[in-house]
Amino acid sequence: MSSVTAIIEDVFPKVKTNFSSSQLIKMASQMFHYNIEYTRGFPFAHLETDIGDLDVVVPVTLADNVSELHEFLFDDTGYVVSKNVKEYSDRIEKDSGFGAASRQAAIENGVVPDTGSEADLAK
């Protein structure tokens, strides 16, 4: 358990959550009793590309993915993203050139599946 505590204490300052460090440690001690029934990857809809020597996963769009995340986690179908998320989403689309139209074109051309997060597009 001491290694789990050490990991939590190292990672905790880098995570934004409403759980306290002590709550996470308590949950970690019980994690072997959990049953994971369903998982999804985030971002849900994305395109992948190479930029120089880097493989990059670009959320398409970040705003849409955050809305879908709220639906998945909280069953909140009417969630409206914050101004900050919208600004980050717009910046990612501008910098990457990947937006909703890019993903739709990739789906129509058979480059990526229309569902799932296995999107893969070489720029």
# chains A, B, ... in the order shown; residues from 1 in each chain; ligands from 1
call {"tool": "select_by_dssp", "arguments": {"residues": "segment 24-111 of chain A", "states": "alpha helix (DSSP H)", "output": "compact mmCIF listing (two decimals) with N, CA, C and O atoms, in the first residue's frame"}}
result
# COMPACT_ATOMS: atom_id res chain seq x y z
N LEU A 24 -8.64 9.57 -1.87
CA LEU A 24 -8.07 8.75 -2.94
C LEU A 24 -7.30 7.57 -2.38
O LEU A 24 -7.38 6.46 -2.91
N ILE A 25 -6.56 7.79 -1.31
CA ILE A 25 -5.81 6.70 -0.68
C ILE A 25 -6.77 5.64 -0.16
O ILE A 25 -6.55 4.44 -0.35
N LYS A 26 -7.87 6.06 0.46
CA LYS A 26 -8.86 5.11 0.96
C LYS A 26 -9.47 4.31 -0.19
O LYS A 26 -9.63 3.09 -0.11
N MET A 27 -9.82 4.99 -1.30
CA MET A 27 -10.39 4.30 -2.46
C MET A 27 -9.37 3.33 -3.06
O MET A 27 -9.73 2.23 -3.47
N ALA A 28 -8.11 3.75 -3.12
CA ALA A 28 -7.07 2.89 -3.69
C ALA A 28 -6.94 1.60 -2.90
O ALA A 28 -6.70 0.53 -3.48
N SER A 29 -7.12 1.67 -1.59
CA SER A 29 -6.99 0.46 -0.78
C SER A 29 -8.11 -0.52 -1.06
O SER A 29 -7.99 -1.71 -0.77
N LEU A 62 -12.55 19.48 -29.20
CA LEU A 62 -12.43 19.38 -27.75
C LEU A 62 -13.77 19.68 -27.10
O LEU A 62 -14.20 18.97 -26.19
N ALA A 63 -14.45 20.72 -27.56
CA ALA A 63 -15.74 21.10 -26.97
C ALA A 63 -16.74 19.94 -27.08
O ALA A 63 -17.43 19.60 -26.10
N ASP A 64 -16.82 19.30 -28.25
CA ASP A 64 -17.74 18.17 -28.42
C ASP A 64 -17.35 17.00 -27.52
O ASP A 64 -18.20 16.33 -26.94
N ASN A 65 -16.04 16.74 -27.39
CA ASN A 65 -15.57 15.65 -26.55
C ASN A 65 -15.87 15.90 -25.08
O ASN A 65 -16.23 14.98 -24.35
N VAL A 66 -15.72 17.14 -24.62
CA VAL A 66 -16.01 17.47 -23.22
C VAL A 66 -17.51 17.31 -22.95
O VAL A 66 -17.91 16.77 -21.92
N SER A 67 -18.34 17.72 -23.89
CA SER A 67 -19.79 17.52 -23.74
C SER A 67 -20.12 16.04 -23.65
O SER A 67 -20.92 15.61 -22.80
N GLU A 68 -19.49 15.24 -24.52
CA GLU A 68 -19.73 13.80 -24.50
C GLU A 68 -19.23 13.17 -23.21
O GLU A 68 -19.83 12.24 -22.67
N LEU A 69 -18.12 13.68 -22.69
CA LEU A 69 -17.58 13.18 -21.42
C LEU A 69 -18.58 13.42 -20.28
O LEU A 69 -18.82 12.54 -19.46
N HIS A 70 -19.18 14.60 -20.25
CA HIS A 70 -20.19 14.89 -19.22
C HIS A 70 -21.40 13.98 -19.37
O HIS A 70 -21.98 13.55 -18.37
N GLU A 71 -21.77 13.67 -20.59
CA GLU A 71 -22.88 12.75 -20.80
C GLU A 71 -22.51 11.36 -20.30
O GLU A 71 -23.29 10.69 -19.62
N PHE A 72 -21.28 10.91 -20.62
CA PHE A 72 -20.82 9.58 -20.22
C PHE A 72 -20.71 9.47 -18.70
O PHE A 72 -21.17 8.49 -18.10
N LEU A 73 -20.09 10.46 -18.06
CA LEU A 73 -19.84 10.38 -16.62
C LEU A 73 -21.04 10.73 -15.76
O LEU A 73 -21.26 10.13 -14.71
N PHE A 74 -21.81 11.72 -16.19
CA PHE A 74 -22.86 12.28 -15.33
C PHE A 74 -24.26 12.17 -15.92
O PHE A 74 -25.20 12.71 -15.35
N LYS A 83 -16.42 28.73 -21.23
CA LYS A 83 -15.76 29.64 -22.18
C LYS A 83 -14.31 29.19 -22.41
O LYS A 83 -13.84 29.21 -23.54
N ASN A 84 -13.62 28.77 -21.34
CA ASN A 84 -12.23 28.32 -21.49
C ASN A 84 -12.12 27.10 -22.38
O ASN A 84 -11.23 27.03 -23.23
N VAL A 85 -13.00 26.12 -22.19
CA VAL A 85 -12.96 24.92 -23.03
C VAL A 85 -13.22 25.30 -24.48
O VAL A 85 -12.54 24.81 -25.39
N LYS A 86 -14.17 26.17 -24.71
CA LYS A 86 -14.48 26.62 -26.08
C LYS A 86 -13.28 27.30 -26.71
O LYS A 86 -12.94 27.07 -27.87
N GLU A 87 -12.58 28.16 -25.93
CA GLU A 87 -11.40 28.85 -26.45
C GLU A 87 -10.28 27.85 -26.76
O GLU A 87 -9.64 27.95 -27.81
N TYR A 88 -10.05 26.86 -25.87
CA TYR A 88 -9.05 25.83 -26.14
C TYR A 88 -9.43 25.02 -27.37
O TYR A 88 -8.59 24.71 -28.22
N SER A 89 -10.70 24.69 -27.49
CA SER A 89 -11.18 23.92 -28.63
C SER A 89 -10.93 24.66 -29.94
O SER A 89 -10.43 24.09 -30.91
N ASP A 90 -11.28 25.94 -29.95
CA ASP A 90 -11.07 26.75 -31.16
C ASP A 90 -9.58 26.84 -31.50
O ASP A 90 -9.20 26.76 -32.67
N ARG A 91 -8.74 26.99 -30.49
CA ARG A 91 -7.29 27.10 -30.72
C ARG A 91 -6.73 25.79 -31.26
O ARG A 91 -5.90 25.79 -32.19
N ILE A 92 -7.16 24.66 -30.71
CA ILE A 92 -6.70 23.36 -31.20
C ILE A 92 -7.10 23.17 -32.65
O ILE A 92 -6.30 22.73 -33.48
N GLU A 93 -8.33 23.54 -32.99
CA GLU A 93 -8.80 23.41 -34.37
C GLU A 93 -7.99 24.32 -35.30
O GLU A 93 -7.58 23.89 -36.38
N LYS A 94 -7.74 25.54 -34.87
CA LYS A 94 -6.97 26.49 -35.69
C LYS A 94 -5.53 25.98 -35.89
O LYS A 94 -5.03 25.97 -37.01
N ASP A 95 -4.89 25.55 -34.81
CA ASP A 95 -3.49 25.11 -34.89
C ASP A 95 -3.32 23.80 -35.65
O ASP A 95 -2.34 23.61 -36.36
N SER A 96 -4.27 22.87 -35.48
CA SER A 96 -4.13 21.55 -36.09
C SER A 96 -4.72 21.47 -37.49
O SER A 96 -4.31 20.64 -38.30
N ALA A 100 -14.52 19.48 -37.05
CA ALA A 100 -15.59 18.51 -37.26
C ALA A 100 -15.70 18.13 -38.74
O ALA A 100 -15.94 16.96 -39.08
N ALA A 101 -15.51 19.08 -39.64
CA ALA A 101 -15.58 18.78 -41.08
C ALA A 101 -14.46 17.84 -41.49
O ALA A 101 -14.67 16.95 -42.34
N SER A 102 -13.27 17.98 -40.90
CA SER A 102 -12.16 17.08 -41.21
C SER A 102 -12.48 15.65 -40.81
O SER A 102 -12.21 14.71 -41.54
N ARG A 103 -13.06 15.50 -39.64
CA ARG A 103 -13.41 14.15 -39.16
C ARG A 103 -14.51 13.56 -40.01
O ARG A 103 -14.47 12.38 -40.36
N GLN A 104 -15.51 14.37 -40.36
CA GLN A 104 -16.59 13.88 -41.21
C GLN A 104 -16.05 13.43 -42.56
O GLN A 104 -16.45 12.38 -43.07
N ALA A 105 -15.14 14.19 -43.14
CA ALA A 105 -14.54 13.80 -44.42
C ALA A 105 -13.76 12.50 -44.27
O ALA A 105 -13.80 11.63 -45.16
N ALA A 106 -13.05 12.34 -43.16
CA ALA A 106 -12.30 11.10 -42.92
C ALA A 106 -13.24 9.91 -42.79
O ALA A 106 -12.95 8.82 -43.28
N ILE A 107 -14.39 10.12 -42.15
CA ILE A 107 -15.39 9.04 -42.03
C ILE A 107 -15.93 8.69 -43.41
O ILE A 107 -15.99 7.53 -43.79
N GLU A 108 -16.31 9.71 -44.19
CA GLU A 108 -16.89 9.49 -45.52
C GLU A 108 -15.90 8.81 -46.46
O GLU A 108 -16.29 8.04 -47.33
call {"tool": "select_by_dssp", "arguments": {"residues": "segment 9-83 of chain A", "states": "strand (DSSP E or B)", "output": "number ranges by chain"}}
result
A: 46-51, 54-59
call {"tool": "write_last_selection", "arguments": {"atoms": "N, CA, C and O atoms", "output": "PDB file, in the first residue's frame"}}
result
ATOM      1  N   HIS A  46     -11.456  11.704 -32.376  1.00  0.00           N
ATOM      2  CA  HIS A  46     -10.173  12.368 -32.593  1.00  0.00           C
ATOM      3  C   HIS A  46      -9.588  11.952 -33.932  1.00  0.00           C
ATOM      4  O   HIS A  46     -10.064  11.013 -34.565  1.00  0.00           O
ATOM      5  N   LEU A  47      -8.595  12.674 -34.340  1.00  0.00           N
ATOM      6  CA  LEU A  47      -7.806  12.323 -35.513  1.00  0.00           C
ATOM      7  C   LEU A  47      -6.352  12.271 -35.059  1.00  0.00           C
ATOM      8  O   LEU A  47      -5.965  12.962 -34.124  1.00  0.00           O
ATOM      9  N   GLU A  48      -5.587  11.430 -35.707  1.00  0.00           N
ATOM     10  CA  GLU A  48      -4.175  11.285 -35.355  1.00  0.00           C
ATOM     11  C   GLU A  48      -3.318  11.713 -36.525  1.00  0.00           C
ATOM     12  O   GLU A  48      -3.676  11.498 -37.679  1.00  0.00           O
ATOM     13  N   THR A  49      -2.190  12.306 -36.218  1.00  0.00           N
ATOM     14  CA  THR A  49      -1.273  12.742 -37.253  1.00  0.00           C
ATOM     15  C   THR A  49       0.137  12.766 -36.700  1.00  0.00           C
ATOM     16  O   THR A  49       0.344  12.597 -35.503  1.00  0.00           O
ATOM     17  N   ASP A  50       1.096  12.949 -37.557  1.00  0.00           N
ATOM     18  CA  ASP A  50       2.489  13.113 -37.156  1.00  0.00           C
ATOM     19  C   ASP A  50       2.858  14.579 -37.338  1.00  0.00           C
ATOM     20  O   ASP A  50       2.560  15.181 -38.371  1.00  0.00           O
ATOM     21  N   ILE A  51       3.505  15.140 -36.335  1.00  0.00           N
ATOM     22  CA  ILE A  51       4.058  16.484 -36.431  1.00  0.00           C
ATOM     23  C   ILE A  51       5.532  16.339 -36.087  1.00  0.00           C
ATOM     24  O   ILE A  51       5.871  16.117 -34.928  1.00  0.00           O
ATOM     25  N   LEU A  54       6.742  13.573 -33.622  1.00  0.00           N
ATOM     26  CA  LEU A  54       5.702  13.301 -32.632  1.00  0.00           C
ATOM     27  C   LEU A  54       4.460  12.704 -33.271  1.00  0.00           C
ATOM     28  O   LEU A  54       4.040  13.106 -34.352  1.00  0.00           O
ATOM     29  N   ASP A  55       3.855  11.737 -32.578  1.00  0.00           N
ATOM     30  CA  ASP A  55       2.528  11.250 -32.925  1.00  0.00           C
ATOM     31  C   ASP A  55       1.547  12.055 -32.089  1.00  0.00           C
ATOM     32  O   ASP A  55       1.677  12.119 -30.869  1.00  0.00           O
ATOM     33  N   VAL A  56       0.563  12.666 -32.740  1.00  0.00           N
ATOM     34  CA  VAL A  56      -0.332  13.582 -32.049  1.00  0.00           C
ATOM     35  C   VAL A  56      -1.776  13.103 -32.171  1.00  0.00           C
ATOM     36  O   VAL A  56      -2.213  12.703 -33.250  1.00  0.00           O
ATOM     37  N   VAL A  57      -2.492  13.129 -31.050  1.00  0.00           N
ATOM     38  CA  VAL A  57      -3.926  12.844 -31.018  1.00  0.00           C
ATOM     39  C   VAL A  57      -4.643  14.176 -30.855  1.00  0.00           C
ATOM     40  O   VAL A  57      -4.435  14.874 -29.870  1.00  0.00           O
ATOM     41  N   VAL A  58      -5.466  14.524 -31.833  1.00  0.00           N
ATOM     42  CA  VAL A  58      -6.161  15.807 -31.832  1.00  0.00           C
ATOM     43  C   VAL A  58      -7.649  15.563 -31.571  1.00  0.00           C
ATOM     44  O   VAL A  58      -8.310  14.883 -32.358  1.00  0.00           O
ATOM     45  N   PRO A  59      -8.195  16.108 -30.471  1.00  0.00           N
ATOM     46  CA  PRO A  59      -9.633  15.942 -30.227  1.00  0.00           C
ATOM     47  C   PRO A  59     -10.426  16.726 -31.269  1.00  0.00           C
ATOM     48  O   PRO A  59     -10.096  17.856 -31.580  1.00  0.00           O
TER      49      PRO A  59
END
